>>> print(open('run-v4.cif').read())   # mmCIF, C-alpha atoms
data_coords
#
loop_
_atom_site.label_atom_id
_atom_site.label_comp_id
_atom_site.auth_asym_id
_atom_site.auth_seq_id
_atom_site.Cartn_x
_atom_site.Cartn_y
_atom_site.Cartn_z
CA MET A 1283 -6.20 -6.67 -30.70
CA TYR A 1284 -6.82 -9.80 -28.60
CA LYS A 1285 -5.72 -12.11 -31.44
CA GLU A 1286 -2.57 -10.05 -32.04
CA ILE A 1287 -1.68 -10.18 -28.33
CA ILE A 1288 -2.30 -13.94 -28.07
CA SER A 1289 -0.19 -14.60 -31.19
CA LYS A 1290 2.58 -12.36 -29.73
CA LYS A 1291 2.37 -9.94 -32.67
CA ALA A 1292 1.27 -7.08 -30.40
CA PRO A 1293 3.28 -6.74 -27.17
CA VAL A 1294 1.61 -5.69 -23.91
CA ALA A 1295 3.49 -2.87 -22.18
CA VAL A 1296 3.36 -2.33 -18.42
CA ILE A 1297 4.43 1.14 -17.32
CA GLY A 1298 5.65 1.35 -13.73
CA LEU A 1299 7.29 -1.81 -12.35
CA GLY A 1300 6.77 -1.47 -8.62
CA TYR A 1301 4.68 -3.51 -6.18
CA VAL A 1302 1.76 -3.55 -8.63
CA GLY A 1303 3.29 -3.29 -12.10
CA LEU A 1304 5.96 -5.99 -11.88
CA PRO A 1305 3.62 -8.85 -10.81
CA ILE A 1306 1.21 -7.86 -13.62
CA ALA A 1307 4.04 -7.71 -16.18
CA LEU A 1308 5.40 -11.13 -15.20
CA ALA A 1309 1.93 -12.72 -15.14
CA PHE A 1310 1.31 -11.55 -18.73
CA ALA A 1311 4.87 -12.49 -19.77
CA ARG A 1312 4.18 -16.14 -18.96
CA LYS A 1313 1.47 -16.10 -21.65
CA VAL A 1314 2.28 -13.29 -24.13
CA LYS A 1315 5.03 -10.89 -25.20
CA VAL A 1316 5.60 -8.04 -22.70
CA ILE A 1317 7.57 -4.81 -22.54
CA GLY A 1318 8.24 -3.84 -18.92
CA PHE A 1319 8.90 -0.09 -18.73
CA ASP A 1320 10.21 1.92 -15.77
CA ILE A 1321 11.92 5.32 -15.69
CA ASN A 1322 14.36 4.13 -13.00
CA GLU A 1323 17.27 2.58 -14.93
CA LYS A 1324 18.80 1.12 -11.78
CA ARG A 1325 15.59 -0.83 -11.08
CA VAL A 1326 15.43 -1.93 -14.74
CA ALA A 1327 18.99 -3.29 -14.51
CA MET A 1328 18.06 -5.28 -11.40
CA MET A 1329 14.97 -6.78 -13.04
CA ARG A 1330 17.00 -7.85 -16.06
CA LYS A 1331 18.99 -9.98 -13.60
CA GLY A 1332 15.81 -11.46 -12.15
CA ILE A 1333 15.87 -9.34 -9.01
CA ASP A 1334 12.71 -7.64 -7.72
CA PRO A 1335 13.75 -4.23 -6.28
CA SER A 1336 10.67 -4.36 -4.03
CA GLN A 1337 11.80 -7.75 -2.62
CA GLU A 1338 8.33 -9.23 -3.14
CA LEU A 1339 9.05 -11.74 -5.92
CA SER A 1340 11.68 -14.49 -6.05
CA LYS A 1341 14.15 -15.06 -8.90
CA GLU A 1342 12.12 -18.15 -9.88
CA GLU A 1343 9.14 -15.97 -10.80
CA PHE A 1344 11.15 -14.29 -13.57
CA LYS A 1345 11.93 -17.60 -15.28
CA GLY A 1346 10.08 -18.57 -18.46
CA CYS A 1347 8.82 -15.02 -18.99
CA ASP A 1348 8.82 -13.37 -22.44
CA ILE A 1349 9.60 -9.87 -21.17
CA HIS A 1350 11.94 -7.07 -22.16
CA PHE A 1351 12.75 -4.64 -19.35
CA THR A 1352 13.54 -1.13 -20.56
CA ALA A 1353 13.65 2.57 -19.73
CA LEU A 1354 13.70 3.59 -23.41
CA LEU A 1355 10.75 5.25 -25.14
CA SER A 1356 11.82 3.71 -28.45
CA ASP A 1357 11.17 0.23 -27.00
CA LEU A 1358 7.80 1.29 -25.64
CA LYS A 1359 6.66 2.34 -29.12
CA LYS A 1360 6.58 -1.33 -30.17
CA ALA A 1361 3.64 -2.05 -27.83
CA ARG A 1362 -0.06 -1.94 -28.76
CA PHE A 1363 -1.73 -2.47 -25.39
CA PHE A 1364 -0.49 -0.25 -22.54
CA ILE A 1365 -1.14 -0.85 -18.83
CA ILE A 1366 -0.24 2.07 -16.56
CA ALA A 1367 0.47 1.03 -12.96
CA VAL A 1368 2.36 3.94 -11.40
CA PRO A 1369 1.94 5.20 -7.81
CA THR A 1370 -0.73 7.76 -6.96
CA PRO A 1371 0.47 9.29 -3.67
CA ILE A 1372 -0.70 12.30 -1.68
CA ASP A 1373 1.33 15.43 -0.94
CA GLU A 1374 2.15 16.98 2.44
CA HIS A 1375 -1.33 18.55 2.53
CA ASN A 1376 -3.05 15.18 1.96
CA LEU A 1377 -4.05 16.20 -1.56
CA PRO A 1378 -3.73 13.89 -4.61
CA ASP A 1379 -0.32 14.02 -6.26
CA LEU A 1380 -0.94 13.10 -9.90
CA LYS A 1381 2.59 13.87 -11.11
CA PRO A 1382 3.62 10.19 -11.62
CA LEU A 1383 0.32 9.47 -13.40
CA ILE A 1384 0.53 12.52 -15.69
CA SER A 1385 4.19 11.77 -16.41
CA ALA A 1386 3.33 8.16 -17.36
CA SER A 1387 0.45 9.41 -19.54
CA THR A 1388 2.86 11.80 -21.28
CA THR A 1389 5.30 8.95 -21.97
CA VAL A 1390 2.58 6.61 -23.28
CA GLY A 1391 1.12 9.44 -25.37
CA LYS A 1392 4.45 9.74 -27.17
CA ALA A 1393 4.33 6.00 -27.98
CA LEU A 1394 0.63 5.82 -28.90
CA LYS A 1395 -0.48 4.79 -32.39
CA LYS A 1396 -3.82 4.39 -34.14
CA GLY A 1397 -5.75 1.38 -32.86
CA ASP A 1398 -3.80 1.15 -29.57
CA TYR A 1399 -5.31 0.57 -26.13
CA VAL A 1400 -4.42 2.22 -22.79
CA VAL A 1401 -5.63 0.80 -19.47
CA TYR A 1402 -5.04 2.54 -16.14
CA GLU A 1403 -4.60 0.52 -12.94
CA SER A 1404 -3.47 3.28 -10.56
CA THR A 1405 -5.97 4.15 -7.83
CA VAL A 1406 -7.63 7.51 -8.56
CA TYR A 1407 -10.82 9.46 -7.82
CA PRO A 1408 -13.78 8.87 -10.16
CA GLY A 1409 -13.31 10.92 -13.31
CA CYS A 1410 -9.53 11.14 -13.20
CA THR A 1411 -8.89 8.77 -16.14
CA GLU A 1412 -11.18 10.66 -18.53
CA GLU A 1413 -10.68 14.20 -17.21
CA ASP A 1414 -6.98 14.28 -16.31
CA CYS A 1415 -5.20 11.44 -18.15
CA ILE A 1416 -6.84 11.03 -21.55
CA PRO A 1417 -6.40 14.72 -22.54
CA VAL A 1418 -2.64 14.17 -21.98
CA LEU A 1419 -2.69 11.09 -24.22
CA GLU A 1420 -4.50 13.09 -26.93
CA LYS A 1421 -2.12 16.04 -26.67
CA GLU A 1422 1.08 13.97 -26.82
CA SER A 1423 -0.09 11.56 -29.56
CA GLY A 1424 -2.10 13.96 -31.71
CA LEU A 1425 -4.75 11.22 -31.82
CA LYS A 1426 -8.46 11.42 -30.99
CA PHE A 1427 -9.84 9.44 -28.04
CA LYS A 1428 -12.32 6.68 -29.01
CA LYS A 1429 -11.81 7.39 -32.73
CA ASP A 1430 -8.06 6.65 -32.93
CA PHE A 1431 -7.33 4.88 -29.65
CA LYS A 1432 -9.32 3.26 -26.84
CA ALA A 1433 -8.91 3.46 -23.08
CA GLY A 1434 -10.17 1.74 -19.96
CA TYR A 1435 -9.65 1.38 -16.24
CA SER A 1436 -9.02 -1.82 -14.29
CA PRO A 1437 -8.11 -1.20 -10.64
CA GLU A 1438 -5.21 -3.06 -9.09
CA ARG A 1439 -6.02 -5.32 -6.15
CA ILE A 1440 -2.54 -6.50 -5.24
CA ASN A 1441 -1.87 -6.80 -1.51
CA PRO A 1442 1.88 -6.55 -0.68
CA GLY A 1443 3.13 -9.63 1.12
CA ASP A 1444 -0.01 -11.67 0.31
CA ARG A 1445 0.96 -14.94 -1.41
CA GLU A 1446 -2.62 -16.16 -1.64
CA HIS A 1447 -4.53 -13.27 -3.24
CA THR A 1448 -2.24 -12.69 -6.23
CA ILE A 1449 -3.06 -11.00 -9.54
CA THR A 1450 -4.03 -14.28 -11.24
CA LYS A 1451 -6.30 -15.40 -8.36
CA ILE A 1452 -8.47 -12.30 -7.82
CA LEU A 1453 -11.57 -11.45 -9.86
CA LYS A 1454 -10.63 -8.42 -11.98
CA VAL A 1455 -12.86 -5.37 -12.32
CA VAL A 1456 -12.56 -3.98 -15.85
CA SER A 1457 -14.09 -1.06 -17.74
CA GLY A 1458 -13.80 0.53 -21.16
CA CYS A 1459 -14.70 3.72 -22.96
CA ASP A 1460 -17.30 1.87 -25.09
CA ALA A 1461 -18.78 -1.61 -25.55
CA GLU A 1462 -16.04 -2.76 -27.91
CA SER A 1463 -13.17 -1.67 -25.65
CA LEU A 1464 -14.84 -3.24 -22.62
CA GLU A 1465 -14.99 -6.59 -24.41
CA VAL A 1466 -11.37 -6.41 -25.62
CA ILE A 1467 -9.96 -5.28 -22.25
CA SER A 1468 -11.93 -8.01 -20.48
CA LYS A 1469 -10.61 -10.71 -22.84
CA VAL A 1470 -7.02 -9.49 -22.49
CA TYR A 1471 -7.12 -9.66 -18.69
CA GLU A 1472 -8.77 -13.07 -18.83
CA ILE A 1473 -5.52 -14.33 -20.39
CA ILE A 1474 -4.01 -14.21 -16.88
CA VAL A 1475 -6.89 -13.86 -14.40
CA GLU A 1476 -8.29 -17.30 -13.55
CA PRO A 1477 -11.58 -16.22 -11.85
CA GLY A 1478 -12.37 -13.95 -14.83
CA THR A 1479 -13.57 -10.35 -14.88
CA HIS A 1480 -16.40 -8.16 -13.64
CA LYS A 1481 -17.40 -5.70 -16.34
CA ALA A 1482 -18.16 -2.34 -14.74
CA SER A 1483 -20.74 -0.17 -16.48
CA SER A 1484 -18.31 2.75 -16.93
CA ILE A 1485 -14.76 3.89 -16.22
CA LYS A 1486 -16.01 6.11 -13.36
CA VAL A 1487 -17.81 3.16 -11.73
CA ALA A 1488 -14.61 1.08 -11.84
CA GLU A 1489 -12.60 3.98 -10.37
CA ALA A 1490 -15.16 4.43 -7.60
CA ALA A 1491 -15.32 0.70 -6.84
CA LYS A 1492 -11.59 0.60 -6.17
CA ILE A 1493 -11.47 3.68 -4.02
CA ILE A 1494 -14.31 2.58 -1.73
CA GLU A 1495 -12.70 -0.83 -1.13
CA ASN A 1496 -9.95 0.87 0.88
CA THR A 1497 -12.15 3.67 2.23
CA GLN A 1498 -14.48 1.09 3.76
CA ARG A 1499 -11.57 -0.64 5.51
CA ASP A 1500 -10.16 2.70 6.66
CA VAL A 1501 -13.44 3.78 8.30
CA ASN A 1502 -13.91 0.40 10.00
CA ILE A 1503 -10.36 0.37 11.39
CA ALA A 1504 -10.85 3.97 12.58
CA LEU A 1505 -13.87 2.81 14.60
CA MET A 1506 -11.73 0.08 16.20
CA ASN A 1507 -9.00 2.61 16.99
CA GLU A 1508 -11.49 4.99 18.60
CA LEU A 1509 -12.95 2.12 20.61
CA SER A 1510 -9.45 1.16 21.80
CA ILE A 1511 -8.94 4.70 23.15
CA ILE A 1512 -12.28 4.53 24.98
CA PHE A 1513 -11.70 1.02 26.34
CA SER A 1514 -8.24 2.02 27.55
CA ARG A 1515 -9.84 4.70 29.72
CA ILE A 1516 -12.44 2.21 30.96
CA GLY A 1517 -9.62 -0.19 31.81
CA ILE A 1518 -10.54 -3.14 29.59
CA ASN A 1519 -8.64 -4.75 26.71
CA THR A 1520 -9.96 -4.02 23.21
CA TYR A 1521 -9.00 -7.45 21.87
CA ASP A 1522 -10.92 -9.13 24.71
CA VAL A 1523 -13.97 -7.07 23.74
CA LEU A 1524 -13.59 -7.90 20.03
CA GLU A 1525 -13.20 -11.59 20.83
CA ALA A 1526 -16.47 -11.54 22.76
CA ALA A 1527 -18.34 -9.44 20.17
CA GLY A 1528 -16.95 -11.62 17.37
CA THR A 1529 -18.98 -14.60 18.57
CA LYS A 1530 -21.99 -13.04 16.79
CA TRP A 1531 -22.21 -14.38 13.22
CA ASN A 1532 -22.53 -10.97 11.50
CA PHE A 1533 -19.96 -9.01 13.53
CA LEU A 1534 -17.29 -7.51 11.24
CA LYS A 1535 -13.85 -8.58 12.40
CA PHE A 1536 -11.64 -5.50 12.20
CA SER A 1537 -8.82 -4.71 14.63
CA PRO A 1538 -7.20 -1.50 15.91
CA GLY A 1539 -3.73 -0.55 14.69
CA LEU A 1540 -1.53 1.73 12.63
CA VAL A 1541 -2.96 2.46 9.17
CA GLY A 1542 -0.15 3.24 6.75
CA GLY A 1543 1.02 2.04 3.38
CA HIS A 1544 0.16 3.24 -0.07
CA CYS A 1545 -3.51 2.16 -0.14
CA ILE A 1546 -5.72 2.40 2.95
CA GLY A 1547 -3.89 5.42 4.35
CA VAL A 1548 -3.96 7.28 1.02
CA ASP A 1549 -6.95 6.35 -1.15
CA PRO A 1550 -9.69 7.97 1.02
CA TYR A 1551 -8.01 11.35 0.50
CA TYR A 1552 -8.58 11.00 -3.26
CA LEU A 1553 -12.29 10.53 -2.64
CA THR A 1554 -12.59 13.41 -0.15
CA TYR A 1555 -10.68 15.65 -2.59
CA LYS A 1556 -13.21 14.91 -5.33
CA ALA A 1557 -16.09 15.43 -2.90
CA GLU A 1558 -14.73 18.88 -1.93
CA GLU A 1559 -14.36 19.75 -5.61
CA LEU A 1560 -18.07 18.98 -6.01
CA GLY A 1561 -19.03 21.07 -2.98
CA TYR A 1562 -19.48 18.32 -0.39
CA HIS A 1563 -17.41 17.92 2.77
CA ALA A 1564 -17.11 14.20 3.55
CA LYS A 1565 -17.69 13.90 7.30
CA VAL A 1566 -17.42 10.17 8.09
CA ILE A 1567 -14.42 9.56 5.79
CA ASN A 1568 -12.51 12.60 7.08
CA SER A 1569 -13.23 11.66 10.71
CA GLY A 1570 -11.88 8.17 10.08
CA ARG A 1571 -8.77 9.59 8.46
CA TYR A 1572 -8.20 11.91 11.44
CA VAL A 1573 -8.45 9.03 13.94
CA ASN A 1574 -6.14 6.74 11.96
CA ASP A 1575 -3.59 9.44 11.21
CA SER A 1576 -3.42 10.20 14.96
CA MET A 1577 -2.71 6.66 16.16
CA GLY A 1578 1.09 6.83 15.94
CA PHE A 1579 1.10 9.88 18.20
CA TYR A 1580 -1.42 8.23 20.55
CA VAL A 1581 0.76 5.11 20.92
CA ALA A 1582 3.85 7.22 21.68
CA LYS A 1583 2.04 9.45 24.20
CA ASN A 1584 0.44 6.51 25.98
CA THR A 1585 3.83 4.80 26.26
CA VAL A 1586 5.44 8.01 27.58
CA LYS A 1587 2.68 8.38 30.22
CA ARG A 1588 3.28 4.83 31.43
CA ILE A 1589 7.06 5.33 31.59
CA ILE A 1590 6.53 8.49 33.68
CA ALA A 1591 4.03 6.64 35.91
CA ALA A 1592 6.72 4.02 36.51
CA GLY A 1593 8.87 6.77 38.09
CA LYS A 1594 11.26 7.37 35.18
CA ASN A 1595 12.68 10.66 33.95
CA ILE A 1596 11.28 10.72 30.43
CA SER A 1597 13.97 13.00 28.99
CA LYS A 1598 16.59 10.41 30.00
CA SER A 1599 14.60 7.38 28.86
CA LYS A 1600 15.36 4.92 26.07
CA VAL A 1601 12.70 3.19 23.97
CA LEU A 1602 13.09 0.35 21.47
CA VAL A 1603 10.63 0.35 18.56
CA MET A 1604 10.30 -3.08 16.93
CA GLY A 1605 9.10 -2.86 13.34
CA ALA A 1606 9.30 0.00 10.83
CA THR A 1607 7.46 -1.23 7.73
CA PHE A 1608 3.83 -0.30 7.11
CA LYS A 1609 2.63 -3.89 7.67
CA GLU A 1610 3.89 -7.29 8.74
CA ASP A 1611 6.33 -9.44 6.74
CA VAL A 1612 7.03 -6.90 3.94
CA SER A 1613 9.93 -4.53 3.25
CA ASP A 1614 7.61 -1.69 2.17
CA ILE A 1615 8.08 1.45 4.32
CA ARG A 1616 5.82 3.75 2.27
CA ASN A 1617 3.65 5.92 4.53
CA SER A 1618 4.64 3.89 7.60
CA LYS A 1619 2.97 5.28 10.70
CA VAL A 1620 5.81 3.91 12.82
CA ALA A 1621 7.60 7.11 11.79
CA ASP A 1622 4.94 9.07 13.74
CA ILE A 1623 5.69 7.02 16.86
CA VAL A 1624 9.43 7.72 16.54
CA LYS A 1625 8.87 11.44 15.89
CA GLU A 1626 6.55 11.84 18.88
CA LEU A 1627 8.86 9.94 21.24
CA LYS A 1628 11.81 12.11 20.20
CA SER A 1629 9.75 15.27 20.86
CA TYR A 1630 9.80 14.25 24.57
CA GLY A 1631 13.59 13.90 24.50
CA VAL A 1632 13.44 10.10 24.43
CA LYS A 1633 16.37 8.23 22.84
CA VAL A 1634 14.85 5.88 20.27
CA ASP A 1635 16.32 2.74 18.69
CA VAL A 1636 14.46 1.12 15.77
CA VAL A 1637 14.85 -2.47 14.58
CA ASP A 1638 13.18 -4.36 11.74
CA PRO A 1639 14.12 -7.69 10.07
CA HIS A 1640 12.66 -6.63 6.70
CA ALA A 1641 13.19 -2.85 6.30
CA ASP A 1642 16.20 -1.21 4.67
CA SER A 1643 18.08 1.19 6.94
CA GLU A 1644 19.16 3.55 4.15
CA GLU A 1645 15.60 3.78 2.80
CA LEU A 1646 14.31 4.66 6.26
CA LYS A 1647 16.99 7.30 6.71
CA HIS A 1648 16.18 8.83 3.34
CA GLU A 1649 12.42 8.78 3.89
CA TYR A 1650 12.08 9.54 7.61
CA GLY A 1651 15.45 10.70 8.90
CA PHE A 1652 16.24 7.67 11.08
CA GLY A 1653 17.88 4.33 10.35
CA LEU A 1654 17.94 0.92 12.00
CA SER A 1655 19.97 0.21 15.16
CA LYS A 1656 21.35 -2.86 16.83
CA PRO A 1657 19.13 -3.56 19.84
CA GLY A 1658 20.78 -2.84 23.16
CA LYS A 1659 19.55 -3.68 26.64
CA LYS A 1660 17.71 -2.05 29.50
CA TYR A 1661 15.18 0.07 27.71
CA ASP A 1662 12.53 1.98 29.63
CA GLY A 1663 10.02 0.97 27.00
CA VAL A 1664 9.65 -1.48 24.12
CA ILE A 1665 6.99 -0.87 21.46
CA VAL A 1666 6.21 -3.82 19.18
CA ALA A 1667 4.71 -1.82 16.33
CA VAL A 1668 4.57 -4.37 13.49
CA GLY A 1669 3.42 -8.00 13.67
CA HIS A 1670 6.35 -9.59 11.80
CA LYS A 1671 6.49 -13.40 12.02
CA GLU A 1672 9.90 -13.07 13.74
CA TYR A 1673 8.24 -11.17 16.60
CA LYS A 1674 5.34 -13.59 17.05
CA LYS A 1675 7.78 -16.18 18.39
CA LEU A 1676 8.98 -13.95 21.25
CA VAL A 1677 8.04 -14.72 24.86
CA GLU A 1678 7.94 -12.70 28.08
CA LYS A 1679 11.53 -13.67 28.96
CA ASP A 1680 12.78 -12.08 25.69
CA PHE A 1681 11.23 -8.74 26.62
CA ALA A 1682 12.32 -8.98 30.26
CA GLY A 1683 15.90 -9.11 28.98
CA LEU A 1684 15.39 -5.86 27.09
CA LEU A 1685 13.59 -3.84 29.77
CA VAL A 1686 14.65 -2.11 32.99
CA LYS A 1687 12.69 -2.84 36.16
CA LYS A 1688 9.11 -1.54 35.71
CA GLY A 1689 9.85 -1.01 31.99
CA VAL A 1690 6.83 -0.70 29.67
CA LEU A 1691 5.96 -3.19 26.93
CA ALA A 1692 3.55 -1.78 24.31
CA ASP A 1693 1.98 -4.42 22.06
CA ILE A 1694 0.23 -2.58 19.21
CA LYS A 1695 -1.14 -5.69 17.50
CA GLY A 1696 -2.16 -7.48 20.70
CA MET A 1697 0.09 -10.43 19.80
CA TYR A 1698 1.14 -11.23 23.37
CA ARG A 1699 -2.24 -10.74 25.05
CA GLY A 1700 -2.66 -13.29 27.84
CA ARG A 1701 1.01 -14.33 27.61
CA ILE A 1702 2.61 -11.45 29.55
CA LYS A 1703 2.20 -11.99 33.30
CA GLN A 1704 4.97 -10.06 35.06
CA LEU A 1705 5.83 -7.05 32.88
CA ASN A 1706 4.21 -3.60 32.73
CA TYR A 1707 2.19 -4.40 29.58
CA TRP A 1708 -0.43 -2.65 27.47
CA SER A 1709 -1.94 -3.05 24.00
CA LEU A 1710 -4.42 -1.18 21.83
#
>>> encode(input="run-v4.cif", output="structure tokens")
Amino acid sequence: MYKEIISKKAPVAVIGLGYVGLPIALAFARKVKVIGFDINEKRVAMMRKGIDPSQELSKEEFKGCDIHFTALLSDLKKARFFIIAVPTPIDEHNLPDLKPLISASTTVGKALKKGDYVVYESTVYPGCTEEDCIPVLEKESGLKFKKDFKAGYSPERINPGDREHTITKILKVVSGCDAESLEVISKVYEIIVEPGTHKASSIKVAEAAKIIENTQRDVNIALMNELSIIFSRIGINTYDVLEAAGTKWNFLKFSPGLVGGHCIGVDPYYLTYKAEELGYHAKVINSGRYVNDSMGFYVAKNTVKRIIAAGKNISKSKVLVMGATFKEDVSDIRNSKVADIVKELKSYGVKVDVVDPHADSEELKHEYGFGLSKPGKKYDGVIVAVGHKEYKKLVEKDFAGLLVKKGVLADIKGMYRGRIKQLNYWSL
């Protein structure tokens, strides 16, 4: 299989060309023959023109790539090594939504032939690949797992907006269904991954390794968020405390903030779901999730309290929210907790304007029911919710021009700490 891929006789297929799939497909396409498959024909048409629908990759990064973008199953059948990188979201009840994953498995199953390989990259709970996905591959292909085709799991580690830790620069965790598949999958990924691979002892171990990476961050950020609530009541600044505590060599440097996006705010729910299935209620993970999921509402309520304390009629107040994406310097609005801030403010009768230099207004309207506005003047409150580079340049005078007398400036990321002297200012 490795020799056929290297000699371009066996194409590598990447299924799902979003934030994760497209960078993987292009990295392989600089070395071997690739079929890039996505069910969204509009996105496929854009990629054929060298345009990344996710706005993460430049046109230059498409050049010199041996890749065929398609939405046709007949094209997919030409591949021998399949990488599935579709989203694994949660539903409105915070339960795993495996529909995209099962749908992708169904499609690949229809294209599967004897001797083929399937590797999953989507974040899942331990056991999902073997218990939920492989039976679908067997059913659709009529082939027998391990005997007729091999499978493995290699978790994605792509961080949207991160130009340093890209797919080719990060050590890759790989796993296979047996010793032979582990070796082949490892060698295939080593075609593009410069630091090499870590061979996990089983598919379940690789699945678990991925899911605890984000769960660990989630729990640590939840602690910071809880501390920020406590310190606010004490009357001290959380970032001042963290700066002092951070002088100790082994202090872990996490910060409070909104925890959204498709990874940290989602992955722990996959683990707690599996734990419940096995009869264990995860206490620490669920507590962390509760704290982090509440932060948007906390920010809005705290801002409302301060506007009222400044003598304003809250039902006649206007607030400007700066930033709508789930993190700084990206266009990704998936699971953005800024939407919680907007929703909570509106529940008090506040008129809310939202601005963002990276987000798409139509996407926001479709996903959350509000679009972007042109910033006006004389707001009762301004909430800087996302640390975009454009906002880091702002000074006190810029905010003074936006706010009424005694208006409130909320700085979620603590970017302006120590720089705001005259305004009614607070941060997490």
>>> atom_distance(input="run-v4.cif", atom1="atom CA of Phe1579 of chain A", atom2="atom CA of Val1666 of chain A")
14.7 Å
>>> resolve_selection(input="run-v4.cif", expression="the PyMOL selection byres ((chain A and resi 1344) around 12)", output="PyMOL selection string")
chain A and resi 1304-1312+1328-1334+1338-1343+1345-1351
>>> residues_near_point(input="run-v4.cif", point="(-12.8, 8.3, -1.7)", cutoff="12 Å", atoms="only C-alpha atoms", output="number ranges by chain")
A: 1377-1378, 1405-1409, 1489-1501, 1545-1558, 1563-1568, 1570-1571
>>> closest_residue(input="run-v4.cif", among="A:Thr1448, A:Ser1484, A:Thr1388, A:Ser1618", to="Asn1574 of chain A", atoms="all atoms listed in the file")
A:Ser1618
>>> closest_atom_pairs(input="run-v4.cif", of="segment 1382-1460 of chain A", to="segment 1283-1291 of chain A", cutoff="9 Å", atoms="all atoms listed in the file", output="Markdown table")
| residue | atom | partner | partner_atom | distance |
| --- | --- | --- | --- | --- |
| A:Gly1397 | CA | A:Met1283 | CA | 8.3 |
| A:Asp1398 | CA | A:Met1283 | CA | 8.3 |
| A:Tyr1399 | CA | A:Met1283 | CA | 8.6 |
>>> resolve_selection(input="run-v4.cif", expression="the PyMOL selection byres ((chain A and resi 1402) around 6)", output="list in words")
Ile1365, Ile1366, Val1401, Glu1403, Ser1404 and Tyr1435 of chain A
>>> resolve_selection(input="run-v4.cif", expression="the PyMOL selection byres ((chain A and resi 1629-1641) around 6)", output="list in words")
Ser1597, Ser1599, Lys1600, Val1601, Leu1602, Val1603, Met1604, Gly1605, Ala1606, Ser1613, Glu1626, Leu1627, Lys1628, Asp1642, Leu1654 and Ser1655 of chain A
>>> write_last_selection(input="run-v4.cif", atoms="C-alpha atoms", output="compact mmCIF listing (two decimals), in the coordinates of the input")
# COMPACT_ATOMS: atom_id res chain seq x y z
CA SER A 1597 13.97 13.00 28.99
CA SER A 1599 14.60 7.38 28.86
CA LYS A 1600 15.36 4.92 26.07
CA VAL A 1601 12.70 3.19 23.97
CA LEU A 1602 13.09 0.35 21.47
CA VAL A 1603 10.63 0.35 18.56
CA MET A 1604 10.30 -3.08 16.93
CA GLY A 1605 9.10 -2.86 13.34
CA ALA A 1606 9.30 0.00 10.83
CA SER A 1613 9.93 -4.53 3.25
CA GLU A 1626 6.55 11.84 18.88
CA LEU A 1627 8.86 9.94 21.24
CA LYS A 1628 11.81 12.11 20.20
CA ASP A 1642 16.20 -1.21 4.67
CA LEU A 1654 17.94 0.92 12.00
CA SER A 1655 19.97 0.21 15.16
